[in-house]
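Written below as structure tokens is the structure these notes are about.
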Amino acid sequence: MRVPSSASFDTLCIHAGQAPDPASGAVMTPIVLSTTFAQDGPGAHKGYDYSRAGNPTRSALEECLAALEGAKHGVAFGSGCAAATAVLLTLRSGDHVLVSDDVYGGTFRIFDGVFAQLGIEATFVDMADPDVALSNMRANTRLVWVETPSNPLLKVIDIERISERARSRGVPVAVDNTFATPVLQRPLALGATLVVHSTTKYLNGHSDVVGGAVLTSDDALAARLRFVQKAVGAVPSPFDCYLVLRGLKTLAVRMKRHVESARLVAEWLKAQPHTLRVRYPGLPSHEAYGLASRQMTGPGGMISFEMAASLEQASAFLRALRVFTCAESLGGVESLAEHPATMTHASLTPGARRALGIGDGFIRLSVGLEDVGDLVADLMGGFEAAART
Ligand SMILES: Cc1ncc(COP(=O)(O)O)c(C=O)c1O
């Protein structure tokens, strides 16, 4: 890295891991597509031998992401789910994981549908009260998994208190920081051991890459993750690494605007007669407003709300939107709206969805970078369509 690691966050977004290419002087990181690398003699290579094991474009991304999260090590994967899987592959059969109850549906599916049958058991608990939550730890608990703010309920969990208590028992804490990004929240500085990202979302920011990463300063865990990355091979392509690096250059400015617009949309939604409740960590009505204000430097660009609506009315709302696109995913420059019960969280059992409060009128918004007046007018059109249904 040419830029010092002490440089400010906004500078690291643009430069970390990306010194001009020594061979050509190229300022933008070259996309190195070669799968194999010449060796002067057997074993005498320049740090790369085969692209699954290591690739210069991927190294630049890993270094940049590690710098942004304040980590020593970054390990990139082909998706956020592959990153989560790699973390769980550091465990052994018979180990137990304590997991926050409102996690992305795909994360739940990894625990419930893949690792449960390999003998790694997960217990899902509400982590609003860290002491109550951690009373569910067992002698064989080897990992605590936290998603905050959570998807789709935007619950906020106290990373510092959870980490302090788990670490006093020698158990590492992994935080899925996808919703907040390191612009708004730094889990490692709060005591977590691992940060997991779906780079598909805000980090890339343009909805054209699926990717993931794990960041840590723990040398032993990093070595194991690096081994899993090479052994299992769920690696991102060099082109995708390049795109995420390009997206990261504008991360800080994008997040500022996401937060500004989401705040306005959330306040507007709260004042509407059609909404039963609005969940946004930047609203004083959010149950963890105080914690979110301390733990995060901004409440993020995601909002969820519940309409007094049947499934048909919620569907009419989503069909009527013209600026928001009805689609899964989040964190891109464009605004998205979705229906967790039938889309992103359909993999939860109906009972689990009911227990969490994800009903037919529950909508999740990813507030993009369009004009906020256009976004509000669009939501108004959606409510009118729902009322006509
Ligand atoms: C919070 C969170 N974590 C992880 C993932 C999984 O990421 P990916 O889709 O890149 O596998 C998602 C996807 O929506 C997510 O929202």
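Chains: A, B, ... in order of the structure tokens. Residues: from 1 per chain. Ligands: from 1, in order shown.
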If the limit is 8 Å from any atom of ligand 1, counting only C-alpha atoms and all ligand atoms, which residues qualify? Return them as an MDAnalysis selection string.
chainID A and resid 78:84 103:107 147 150:151 176:179 196:201 210:212 328:330 344
Alpha helix (DSSP H) positions in stretch 214-275 of chain A, given as a PyMOL selection string
chain A and resi 219-232+238-248+251-270
Next, write the just-selected residues to a file, as a compact mmCIF listing (two decimals), in the first residue's frame, keeping C-alpha atoms as the atom set.
```
# COMPACT_ATOMS: atom_id res chain seq x y z
CA ASP A 219 -3.81 -14.48 12.68
CA ALA A 220 -4.88 -18.07 13.39
CA LEU A 221 -8.44 -17.57 12.14
CA ALA A 222 -7.17 -15.70 9.08
CA ALA A 223 -4.81 -18.58 8.24
CA ARG A 224 -7.68 -21.06 8.53
CA LEU A 225 -9.97 -18.86 6.38
CA ARG A 226 -7.22 -18.52 3.77
CA PHE A 227 -6.89 -22.31 3.77
CA VAL A 228 -10.68 -22.74 3.35
CA GLN A 229 -10.69 -20.15 0.54
CA LYS A 230 -8.06 -22.14 -1.35
CA ALA A 231 -9.31 -25.62 -0.44
CA VAL A 232 -13.03 -25.07 -1.11
CA PRO A 238 -10.72 -10.89 -10.85
CA PHE A 239 -13.26 -8.83 -12.83
CA ASP A 240 -15.70 -8.86 -9.90
CA CYS A 241 -12.87 -7.87 -7.53
CA TYR A 242 -12.11 -4.93 -9.81
CA LEU A 243 -15.76 -3.83 -9.84
CA VAL A 244 -15.98 -3.95 -6.03
CA LEU A 245 -12.75 -1.92 -5.80
CA ARG A 246 -14.31 0.63 -8.14
CA GLY A 247 -17.51 0.72 -6.07
CA LEU A 248 -15.52 1.19 -2.85
CA LEU A 251 -18.57 4.21 -0.65
CA ALA A 252 -18.16 7.08 1.80
CA VAL A 253 -20.05 9.61 -0.35
CA ARG A 254 -22.74 7.12 -1.30
CA MET A 255 -23.42 6.15 2.33
CA LYS A 256 -23.79 9.80 3.32
CA ARG A 257 -26.53 10.29 0.74
CA HIS A 258 -28.20 6.91 1.51
CA VAL A 259 -28.48 7.99 5.16
CA GLU A 260 -29.76 11.51 4.37
CA SER A 261 -32.49 10.23 2.07
CA ALA A 262 -33.47 7.25 4.24
CA ARG A 263 -33.94 9.55 7.24
CA LEU A 264 -36.33 11.74 5.23
CA VAL A 265 -38.24 8.76 3.82
CA ALA A 266 -38.54 7.14 7.28
CA GLU A 267 -39.87 10.36 8.83
CA TRP A 268 -42.35 10.74 5.97
CA LEU A 269 -43.51 7.12 6.28
CA LYS A 270 -44.01 7.52 10.00
```
Which residues, written as a PyMOL selection string, have at least one atom at most 10 Å from A:Gly290, with only C-alpha atoms counted and residues fewer than 5 positions away on the same chain left out?
chain A and resi 156+281-284+295
Could the residues in this selection be written to a file with N, CA, C and O atoms, as a PDB file, in the first residue's frame?
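Output saved as part13.pdb:
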```pdb
ATOM      1  N   VAL A 156     -31.093  -3.660  16.338  1.00  0.00           N
ATOM      2  CA  VAL A 156     -29.714  -3.226  16.574  1.00  0.00           C
ATOM      3  C   VAL A 156     -29.201  -3.936  17.822  1.00  0.00           C
ATOM      4  O   VAL A 156     -29.865  -3.929  18.865  1.00  0.00           O
ATOM      5  N   PRO A 281     -33.470   2.612  12.480  1.00  0.00           N
ATOM      6  CA  PRO A 281     -32.703   2.910  13.694  1.00  0.00           C
ATOM      7  C   PRO A 281     -32.467   4.408  13.931  1.00  0.00           C
ATOM      8  O   PRO A 281     -32.049   4.802  15.017  1.00  0.00           O
ATOM      9  N   GLY A 282     -32.780   5.250  12.939  1.00  0.00           N
ATOM     10  CA  GLY A 282     -32.615   6.697  13.105  1.00  0.00           C
ATOM     11  C   GLY A 282     -33.865   7.386  13.620  1.00  0.00           C
ATOM     12  O   GLY A 282     -33.867   8.606  13.796  1.00  0.00           O
ATOM     13  N   LEU A 283     -34.926   6.635  13.859  1.00  0.00           N
ATOM     14  CA  LEU A 283     -36.153   7.223  14.421  1.00  0.00           C
ATOM     15  C   LEU A 283     -36.149   7.043  15.939  1.00  0.00           C
ATOM     16  O   LEU A 283     -35.897   5.923  16.424  1.00  0.00           O
ATOM     17  N   PRO A 284     -36.446   8.091  16.701  1.00  0.00           N
ATOM     18  CA  PRO A 284     -36.468   7.943  18.162  1.00  0.00           C
ATOM     19  C   PRO A 284     -37.439   6.853  18.627  1.00  0.00           C
ATOM     20  O   PRO A 284     -37.277   6.306  19.715  1.00  0.00           O
ATOM     21  N   GLN A 295     -23.471   3.443  18.647  1.00  0.00           N
ATOM     22  CA  GLN A 295     -22.675   2.399  18.003  1.00  0.00           C
ATOM     23  C   GLN A 295     -22.379   2.698  16.529  1.00  0.00           C
ATOM     24  O   GLN A 295     -21.389   2.224  15.980  1.00  0.00           O
TER      25      GLN A 295
END
```
Could you give me, as a PyMOL selection string, each residue of stretch 264-311 of chain A that DSSP assigns to strand (DSSP E) when run on this structure's backbone?
chain A and resi 275-279+302-307
Shell around A:Glu62 at 9 Å using only C-alpha atoms, local window under 2 positions removed, as a list in words
Gly17, Thr57, Arg58, Ser59, Ala60, Cys64, Leu65, Ala66, Ala67, His73, Gly74, Val75, Ala76, Ala213, Val214, Leu215 and Cys241 of chain A
Could the residues in this selection be saved with N, CA and C atoms as a PDB file, in the first residue's frame?
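Wrote part.pdb, looks like this:
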```
ATOM      1  N   GLY A  17      -4.617  -0.633  -0.712  1.00  0.00           N
ATOM      2  CA  GLY A  17      -4.330  -1.839  -1.494  1.00  0.00           C
ATOM      3  C   GLY A  17      -4.074  -1.570  -2.960  1.00  0.00           C
ATOM      4  N   THR A  57      -5.469  -8.973  -8.356  1.00  0.00           N
ATOM      5  CA  THR A  57      -6.636  -8.074  -8.264  1.00  0.00           C
ATOM      6  C   THR A  57      -7.405  -8.380  -6.982  1.00  0.00           C
ATOM      7  N   ARG A  58      -7.486  -9.667  -6.656  1.00  0.00           N
ATOM      8  CA  ARG A  58      -8.172 -10.066  -5.411  1.00  0.00           C
ATOM      9  C   ARG A  58      -7.389  -9.577  -4.190  1.00  0.00           C
ATOM     10  N   SER A  59      -6.067  -9.664  -4.263  1.00  0.00           N
ATOM     11  CA  SER A  59      -5.251  -9.181  -3.126  1.00  0.00           C
ATOM     12  C   SER A  59      -5.512  -7.704  -2.883  1.00  0.00           C
ATOM     13  N   ALA A  60      -5.626  -6.916  -3.972  1.00  0.00           N
ATOM     14  CA  ALA A  60      -5.877  -5.472  -3.814  1.00  0.00           C
ATOM     15  C   ALA A  60      -7.207  -5.259  -3.101  1.00  0.00           C
ATOM     16  N   CYS A  64      -7.785  -3.649   0.632  1.00  0.00           N
ATOM     17  CA  CYS A  64      -8.624  -2.459   0.775  1.00  0.00           C
ATOM     18  C   CYS A  64      -9.724  -2.708   1.822  1.00  0.00           C
ATOM     19  N   LEU A  65     -10.399  -3.846   1.717  1.00  0.00           N
ATOM     20  CA  LEU A  65     -11.485  -4.143   2.670  1.00  0.00           C
ATOM     21  C   LEU A  65     -10.941  -4.254   4.097  1.00  0.00           C
ATOM     22  N   ALA A  66      -9.772  -4.892   4.236  1.00  0.00           N
ATOM     23  CA  ALA A  66      -9.179  -5.024   5.573  1.00  0.00           C
ATOM     24  C   ALA A  66      -8.885  -3.634   6.144  1.00  0.00           C
ATOM     25  N   ALA A  67      -8.347  -2.738   5.302  1.00  0.00           N
ATOM     26  CA  ALA A  67      -8.023  -1.380   5.785  1.00  0.00           C
ATOM     27  C   ALA A  67      -9.304  -0.675   6.244  1.00  0.00           C
ATOM     28  N   HIS A  73      -6.228  -8.707   8.244  1.00  0.00           N
ATOM     29  CA  HIS A  73      -6.384  -9.656   7.135  1.00  0.00           C
ATOM     30  C   HIS A  73      -7.745  -9.523   6.466  1.00  0.00           C
ATOM     31  N   GLY A  74      -7.754  -9.671   5.143  1.00  0.00           N
ATOM     32  CA  GLY A  74      -9.007  -9.732   4.394  1.00  0.00           C
ATOM     33  C   GLY A  74      -9.007 -10.972   3.528  1.00  0.00           C
ATOM     34  N   VAL A  75     -10.136 -11.677   3.491  1.00  0.00           N
ATOM     35  CA  VAL A  75     -10.241 -12.879   2.662  1.00  0.00           C
ATOM     36  C   VAL A  75     -11.534 -12.746   1.858  1.00  0.00           C
ATOM     37  N   ALA A  76     -11.422 -12.702   0.531  1.00  0.00           N
ATOM     38  CA  ALA A  76     -12.602 -12.444  -0.310  1.00  0.00           C
ATOM     39  C   ALA A  76     -13.199 -13.754  -0.833  1.00  0.00           C
ATOM     40  N   ALA A 213     -16.843 -11.218   1.786  1.00  0.00           N
ATOM     41  CA  ALA A 213     -15.501 -11.114   2.392  1.00  0.00           C
ATOM     42  C   ALA A 213     -15.581 -11.339   3.893  1.00  0.00           C
ATOM     43  N   VAL A 214     -14.461 -11.778   4.462  1.00  0.00           N
ATOM     44  CA  VAL A 214     -14.304 -11.886   5.917  1.00  0.00           C
ATOM     45  C   VAL A 214     -13.052 -11.092   6.282  1.00  0.00           C
ATOM     46  N   LEU A 215     -13.171 -10.270   7.319  1.00  0.00           N
ATOM     47  CA  LEU A 215     -12.059  -9.429   7.767  1.00  0.00           C
ATOM     48  C   LEU A 215     -11.782  -9.745   9.233  1.00  0.00           C
ATOM     49  N   CYS A 241     -13.693  -8.571  -8.539  1.00  0.00           N
ATOM     50  CA  CYS A 241     -12.868  -7.869  -7.533  1.00  0.00           C
ATOM     51  C   CYS A 241     -12.623  -6.440  -7.986  1.00  0.00           C
TER      52      CYS A 241
END
```
